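Trainee: Sharing input-v2.txt here; it has compact mmCIF, C-alpha atoms.
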# COMPACT_ATOMS: atom_id res chain seq x y z
CA MET A 44 0.00 0.00 0.00
CA THR A 45 1.47 3.35 -0.97
CA ALA A 46 0.99 6.54 0.99
CA GLY A 47 -1.42 7.79 -1.68
CA ASP A 48 -3.94 4.96 -1.52
CA TRP A 49 -4.65 4.59 2.17
CA PRO A 50 -8.22 3.60 3.01
CA PRO A 51 -10.47 6.35 4.33
CA LEU A 52 -11.37 6.42 7.98
CA PRO A 53 -15.05 6.11 8.86
CA GLU A 54 -17.17 9.26 8.67
CA ALA A 55 -19.01 8.29 11.84
CA ILE A 56 -17.62 6.40 14.83
CA PRO A 57 -20.09 5.40 17.54
CA THR A 58 -18.57 5.14 20.99
CA PRO A 59 -20.26 3.81 24.13
CA ARG A 60 -21.68 7.24 25.10
CA SER A 61 -21.08 9.55 22.18
CA LEU A 62 -20.77 9.76 18.42
CA LEU A 63 -17.83 11.02 16.39
CA ARG A 64 -19.26 12.39 13.17
CA PRO A 65 -18.45 15.03 10.55
CA PHE A 66 -18.86 18.65 11.54
CA SER A 67 -21.67 20.57 9.87
CA VAL A 68 -22.30 24.30 9.65
CA ALA A 69 -25.20 23.85 12.08
CA ASP A 70 -22.70 22.86 14.81
CA ALA A 71 -21.45 26.44 15.25
CA ASP A 72 -24.04 27.16 17.97
CA ASP A 73 -22.84 24.24 20.09
CA VAL A 74 -19.17 25.05 19.48
CA TYR A 75 -19.82 28.64 20.54
CA VAL A 76 -21.37 27.44 23.79
CA TYR A 77 -18.54 25.17 24.92
CA ARG A 78 -15.58 27.17 23.53
CA ARG A 79 -16.63 30.37 25.34
CA ASP A 80 -15.43 28.72 28.55
CA PRO A 81 -11.85 29.94 29.14
CA GLU A 82 -11.03 26.66 30.94
CA ILE A 83 -11.71 24.69 27.74
CA VAL A 84 -9.34 26.72 25.61
CA GLN A 85 -6.65 27.60 28.14
CA PHE A 86 -4.16 25.41 26.26
CA LEU A 87 -5.63 25.76 22.76
CA PRO A 88 -4.66 28.39 20.19
CA VAL A 89 -8.15 29.91 20.32
CA SER A 90 -8.92 33.61 20.51
CA GLN A 91 -10.29 34.95 23.77
CA PRO A 92 -12.89 36.10 24.20
CA PHE A 93 -14.34 33.52 21.85
CA GLU A 94 -16.96 35.20 19.64
CA ARG A 95 -19.74 33.73 17.52
CA ALA A 96 -17.75 34.56 14.34
CA ASP A 97 -14.88 32.47 15.76
CA ALA A 98 -17.25 29.50 16.11
CA ASP A 99 -18.41 29.92 12.50
CA HIS A 100 -14.80 30.10 11.28
CA PHE A 101 -13.72 27.09 13.33
CA VAL A 102 -16.59 24.93 12.07
CA ALA A 103 -15.92 26.00 8.46
CA THR A 104 -12.28 24.92 8.75
CA GLN A 105 -13.38 21.55 10.14
CA VAL A 106 -15.92 21.02 7.36
CA LEU A 107 -13.29 21.87 4.72
CA ALA A 108 -10.43 19.79 6.20
CA ASP A 109 -8.69 17.52 3.70
CA PRO A 110 -9.15 13.98 5.08
CA ARG A 111 -5.94 12.83 3.38
CA GLU A 112 -4.05 15.06 5.83
CA ARG A 113 -6.37 15.77 8.75
CA CYS A 114 -9.47 13.83 9.68
CA VAL A 115 -11.81 15.68 12.03
CA TRP A 116 -14.91 14.62 13.88
CA ALA A 117 -17.41 16.50 16.01
CA LEU A 118 -18.01 14.75 19.31
CA GLU A 119 -21.77 14.57 19.80
CA HIS A 120 -23.21 13.68 23.18
CA GLU A 121 -26.94 13.67 23.96
CA GLY A 122 -27.73 15.47 20.71
CA HIS A 123 -25.19 18.30 21.03
CA VAL A 124 -21.64 18.83 19.83
CA VAL A 125 -19.54 19.04 22.99
CA GLY A 126 -16.06 18.73 21.55
CA GLY A 127 -14.02 17.38 18.72
CA VAL A 128 -11.30 14.92 17.83
CA SER A 129 -8.77 15.14 15.02
CA LEU A 130 -6.18 12.87 13.49
CA ARG A 131 -3.38 14.58 11.54
CA ILE A 132 -1.85 12.04 9.19
CA ALA A 133 1.82 12.14 8.17
CA ARG A 134 1.75 9.51 5.43
CA GLN A 135 5.42 9.68 4.49
CA GLN A 136 6.44 9.15 8.12
CA LEU A 137 3.73 6.51 8.73
CA ARG A 138 2.47 8.45 11.75
CA ALA A 139 -0.70 10.09 12.99
CA GLU A 140 -1.13 12.75 15.65
CA ILE A 141 -4.30 12.98 17.66
CA GLY A 142 -5.91 16.13 19.05
CA TYR A 143 -9.07 16.63 21.10
CA GLU A 144 -11.21 19.03 23.10
CA LEU A 145 -14.24 18.53 25.32
CA ALA A 146 -16.77 20.77 27.08
CA ARG A 147 -15.82 21.25 30.72
CA TRP A 148 -19.15 20.05 32.08
CA LEU A 149 -18.24 16.58 30.74
CA TRP A 150 -14.70 16.41 32.11
CA GLY A 151 -13.91 13.43 34.31
CA ARG A 152 -16.61 11.15 32.91
CA GLY A 153 -14.44 9.10 30.55
CA ILE A 154 -16.24 10.30 27.42
CA MET A 155 -13.09 11.64 25.76
CA THR A 156 -11.08 8.58 26.81
CA GLU A 157 -13.65 6.36 25.04
CA ALA A 158 -13.65 8.50 21.91
CA VAL A 159 -9.88 8.82 21.59
CA SER A 160 -9.32 5.15 22.43
CA ASP A 161 -11.78 4.06 19.75
CA LEU A 162 -10.16 6.38 17.21
CA VAL A 163 -6.66 5.09 18.02
CA ASP A 164 -7.91 1.52 17.57
CA ILE A 165 -9.48 2.37 14.20
CA ALA A 166 -6.36 4.20 13.05
CA PHE A 167 -4.11 1.23 13.83
CA ARG A 168 -6.55 -1.27 12.32
CA ARG A 169 -7.11 0.63 9.06
CA LEU A 170 -3.95 2.61 8.37
CA PRO A 171 -0.39 1.37 7.82
CA ILE A 172 0.94 3.66 10.53
CA LEU A 173 3.73 2.82 12.93
CA LYS A 174 2.79 5.28 15.64
CA VAL A 175 0.11 7.56 17.05
CA SER A 176 1.35 10.59 18.95
CA ALA A 177 -0.02 13.57 20.83
CA THR A 178 1.29 16.68 22.50
CA ALA A 179 0.10 18.49 25.60
CA ALA A 180 1.19 21.55 27.49
CA ALA A 181 2.97 20.30 30.62
CA PRO A 182 0.50 22.02 33.00
CA ASN A 183 -2.44 20.30 31.24
CA VAL A 184 -2.63 17.41 33.69
CA ARG A 185 -6.05 16.20 32.46
CA SER A 186 -4.71 15.76 28.95
CA THR A 187 -1.54 13.97 30.01
CA ARG A 188 -3.55 11.59 32.20
CA LEU A 189 -5.81 10.77 29.26
CA LEU A 190 -2.80 9.97 27.08
CA GLN A 191 -1.35 7.74 29.79
CA ARG A 192 -4.69 5.89 30.14
CA LEU A 193 -4.45 5.15 26.41
CA GLY A 194 -1.11 3.45 27.01
CA MET A 195 0.92 6.23 25.45
CA GLN A 196 4.46 6.70 26.68
CA ARG A 197 5.99 10.05 27.45
CA GLU A 198 8.72 10.49 24.85
CA ALA A 199 9.92 14.03 25.30
CA LEU A 200 9.79 17.14 27.41
CA LEU A 201 10.28 20.17 25.21
CA ARG A 202 11.38 22.83 27.65
CA ARG A 203 10.04 26.38 27.29
CA HIS A 204 8.75 25.31 23.90
CA TRP A 205 5.48 27.19 23.56
CA VAL A 206 4.43 30.77 24.22
CA HIS A 207 0.70 30.96 24.78
CA ARG A 208 -1.17 34.05 26.01
CA GLY A 209 1.98 35.49 27.51
CA ARG A 210 2.93 32.26 29.30
CA ILE A 211 6.02 30.27 28.40
CA LEU A 212 5.11 26.59 28.67
CA ASP A 213 6.88 23.27 28.49
CA GLU A 214 5.33 20.79 26.06
CA LEU A 215 5.12 17.04 26.51
CA ARG A 216 5.12 14.60 23.60
CA TYR A 217 3.50 11.18 23.99
CA GLY A 218 3.48 8.24 21.61
CA LEU A 219 2.02 4.79 21.15
CA LEU A 220 3.82 2.39 18.81
CA ARG A 221 1.93 -0.16 16.76
CA GLU A 222 3.55 -3.07 18.61
CA GLU A 223 2.56 -1.57 21.98
CA TRP A 224 -1.01 -1.13 20.77
CA GLU A 225 -1.05 -4.72 19.44
CA ARG A 226 0.17 -6.13 22.78
CA ASN A 227 -2.51 -4.14 24.63
CA ASP A 228 -5.21 -5.10 22.08
CA ILE A 229 -4.37 -8.80 22.45
CA ALA A 230 -4.30 -8.53 26.25
CA ASN A 231 -7.69 -6.79 26.31
CA SER A 232 -9.36 -9.23 23.91
CA GLY A 233 -8.18 -12.35 25.65
Would you give me this structure, written as structure tokens?
Mentor:
Amino acid sequence: MTAGDWPPLPEAIPTPRSLLRPFSVADADDVYVYRRDPEIVQFLPVSQPFERADADHFVATQVLADPRERCVWALEHEGHVVGGVSLRIARQQLRAEIGYELARWLWGRGIMTEAVSDLVDIAFRRLPILKVSATAAAPNVRSTRLLQRLGMQREALLRRHWVHRGRILDELRYGLLREEWERNDIANSG
């Protein structure tokens, strides 16, 4: 299989308590609601205050994303978009990088862990990738815990790597190799 003819990832991915599905223009209202919360976007490159026009622009970029490079899904829970998940694909390097965000009122319930775990499983099952990675600002403890629950290993600490809203932050890089995922998949299915 060459890098140009990889199979597409599913448009919709049902998880135990949510649905990953394509963004639509109608999702801007929901995105506006959850992204106005400064806690949600404290580590995201999102303008603050977050205005309705920002929600429209964000949703438009998600709708227009090229799935050969970046697959994006709205995370729908109980009929509303409450976050999103993305998979940036580096075909030449046989890697994918995951990104995610979730409304604060759903933090700590395992909804994002389910969604990201299911997406990682699908990515390894369908794509000829060697690794799935993710980055998180070092102070973003919730995100690093999620990555650890997925079995990802901390690979690097990039010191004073990111300037965000006047703060100089360290960045952590996590990764899960195909063989690690396969060992975990076999252990969980047996």
Trainee: Find the residue from A:Gly151, A:Pro81, A:Gly142, A:Pro57 that sits nearest to Ser176 in chain A; use all atoms listed in the file when measuring.
Mentor: A:Gly142
Trainee: For Gln196 in chain A, which residue among A:Arg208, A:Arg169, A:His120, A:Lys174 is the nearest when counting all atoms listed in the file?
Mentor: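 Residue with the minimum atom-to-atom distance to Gln196 in chain A: A:Lys174.
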Trainee: Which of these residues is nearest to Asn183 in chain A, using only C-alpha atoms: A:Glu225, A:Glu157, A:Glu82, A:Glu112?
Mentor: A:Glu82
Trainee: May I have the residues within 9 Å of Met195 in chain A as number ranges by chain, using all atoms listed in the file and disregarding those fewer than 5 positions away in the same chain?
Mentor: A: 175-177, 189-190, 217-220, 223-224
Trainee: Report, in Å to a single decimal, how far apart CA of Val74 in chain A and CA of Phe93 in chain A are.
Mentor: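 Result for CA of Phe93 in chain A versus CA of Val74 in chain A: 10.0 Å, one decimal.
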Trainee: Which residues are close to Arg216 in chain A, i.e. within 9 Å by all atoms listed in the file, leaving aside same-chain residues fewer than 3 positions away? Reply as a list in words.
Mentor: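 Residues meeting the cut-off are Ser176, Ala177, Thr178, Ala179, Ala180, Gln196, Arg197, Glu198, Ala199, Leu200 and Leu201 of chain A.
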Trainee: What's around Cys114 in chain A at 12 Å? Count all atoms listed in the file, leave out sequence neighbours fewer than 2 positions away in its own chain, and write the answer as a PyMOL selection string.
Mentor: chain A and resi 51-55+63-66+104-112+116-117+127-133+139-143+162+166
Trainee: Just write the chosen residues, C-alpha atoms, as an mmCIF file, keeping the file's coordinate frame.
Mentor:
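Result file result_24.cif:
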data_model
loop_
_atom_site.group_PDB
_atom_site.id
_atom_site.type_symbol
_atom_site.label_atom_id
_atom_site.label_comp_id
_atom_site.auth_asym_id
_atom_site.auth_seq_id
_atom_site.Cartn_x
_atom_site.Cartn_y
_atom_site.Cartn_z
ATOM 1 C CA PRO A 51 -10.470 6.350 4.330
ATOM 2 C CA LEU A 52 -11.370 6.420 7.980
ATOM 3 C CA PRO A 53 -15.050 6.110 8.860
ATOM 4 C CA GLU A 54 -17.170 9.260 8.670
ATOM 5 C CA ALA A 55 -19.010 8.290 11.840
ATOM 6 C CA LEU A 63 -17.830 11.020 16.390
ATOM 7 C CA ARG A 64 -19.260 12.390 13.170
ATOM 8 C CA PRO A 65 -18.450 15.030 10.550
ATOM 9 C CA PHE A 66 -18.860 18.650 11.540
ATOM 10 C CA THR A 104 -12.280 24.920 8.750
ATOM 11 C CA GLN A 105 -13.380 21.550 10.140
ATOM 12 C CA VAL A 106 -15.920 21.020 7.360
ATOM 13 C CA LEU A 107 -13.290 21.870 4.720
ATOM 14 C CA ALA A 108 -10.430 19.790 6.200
ATOM 15 C CA ASP A 109 -8.690 17.520 3.700
ATOM 16 C CA PRO A 110 -9.150 13.980 5.080
ATOM 17 C CA ARG A 111 -5.940 12.830 3.380
ATOM 18 C CA GLU A 112 -4.050 15.060 5.830
ATOM 19 C CA TRP A 116 -14.910 14.620 13.880
ATOM 20 C CA ALA A 117 -17.410 16.500 16.010
ATOM 21 C CA GLY A 127 -14.020 17.380 18.720
ATOM 22 C CA VAL A 128 -11.300 14.920 17.830
ATOM 23 C CA SER A 129 -8.770 15.140 15.020
ATOM 24 C CA LEU A 130 -6.180 12.870 13.490
ATOM 25 C CA ARG A 131 -3.380 14.580 11.540
ATOM 26 C CA ILE A 132 -1.850 12.040 9.190
ATOM 27 C CA ALA A 133 1.820 12.140 8.170
ATOM 28 C CA ALA A 139 -0.700 10.090 12.990
ATOM 29 C CA GLU A 140 -1.130 12.750 15.650
ATOM 30 C CA ILE A 141 -4.300 12.980 17.660
ATOM 31 C CA GLY A 142 -5.910 16.130 19.050
ATOM 32 C CA TYR A 143 -9.070 16.630 21.100
ATOM 33 C CA LEU A 162 -10.160 6.380 17.210
ATOM 34 C CA ALA A 166 -6.360 4.200 13.050
#
Trainee: Quick one: of A:His207, A:Arg152, A:Arg226, A:His123, who's nearest to Tyr75 in chain A, counting only C-alpha atoms?
Mentor: A:His123
Trainee: Could you tell me how far CA of Gly194 in chain A sits from CA of Pro50 in chain A, in Å to one decimal place?
Mentor: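 Spanning CA of Pro50 in chain A to CA of Gly194 in chain A is a straight-line distance of 25.0 Å.
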Trainee: At a cut-off of 9 Å, using all atoms listed in the file, what residues contact Ser160 in chain A? Leave out same-chain residues fewer than 5 positions from it and give the result as a ChimeraX atom specification.
Mentor: /A:155,165,193
Trainee: Select, counting only C-alpha atoms, all protein, DNA and RNA residues no farther than 8 Å from (5.5, 26.8, 20.6) in file coordinates, and express the selection as a list in words.
Mentor: His204, Trp205, Val206 and His207 of chain A
Trainee: If I take CA of Ile211 in chain A and CA of Gln136 in chain A, how far is one from the other in Å, to one decimal?
Mentor: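 Value for the CA of Ile211 in chain A-CA of Gln136 in chain A distance: 29.3 Å.
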Trainee: Using 3 Å of padding on each side, determine the axis-aligned box around all atoms of range 175-193 of chain A present in the file and give its centre and edge lengths in Å to one decimal, as AutoDock Vina command-line options.
Mentor:
--center_x -1.5 --center_y 13.6 --center_z 25.4 --size_x 15.0 --size_y 22.9 --size_z 22.6
Trainee: Pick the closest to Gly126 in chain A from A:Trp150, A:Trp49, A:Phe86, A:Phe167: which is it, counting all atoms listed in the file?
Mentor: A:Trp150
Trainee: Which one is closest to Ala71 in chain A: A:Val125, A:Ile56, A:Val184, A:Leu212? Count all atoms listed in the file.
Mentor: A:Val125
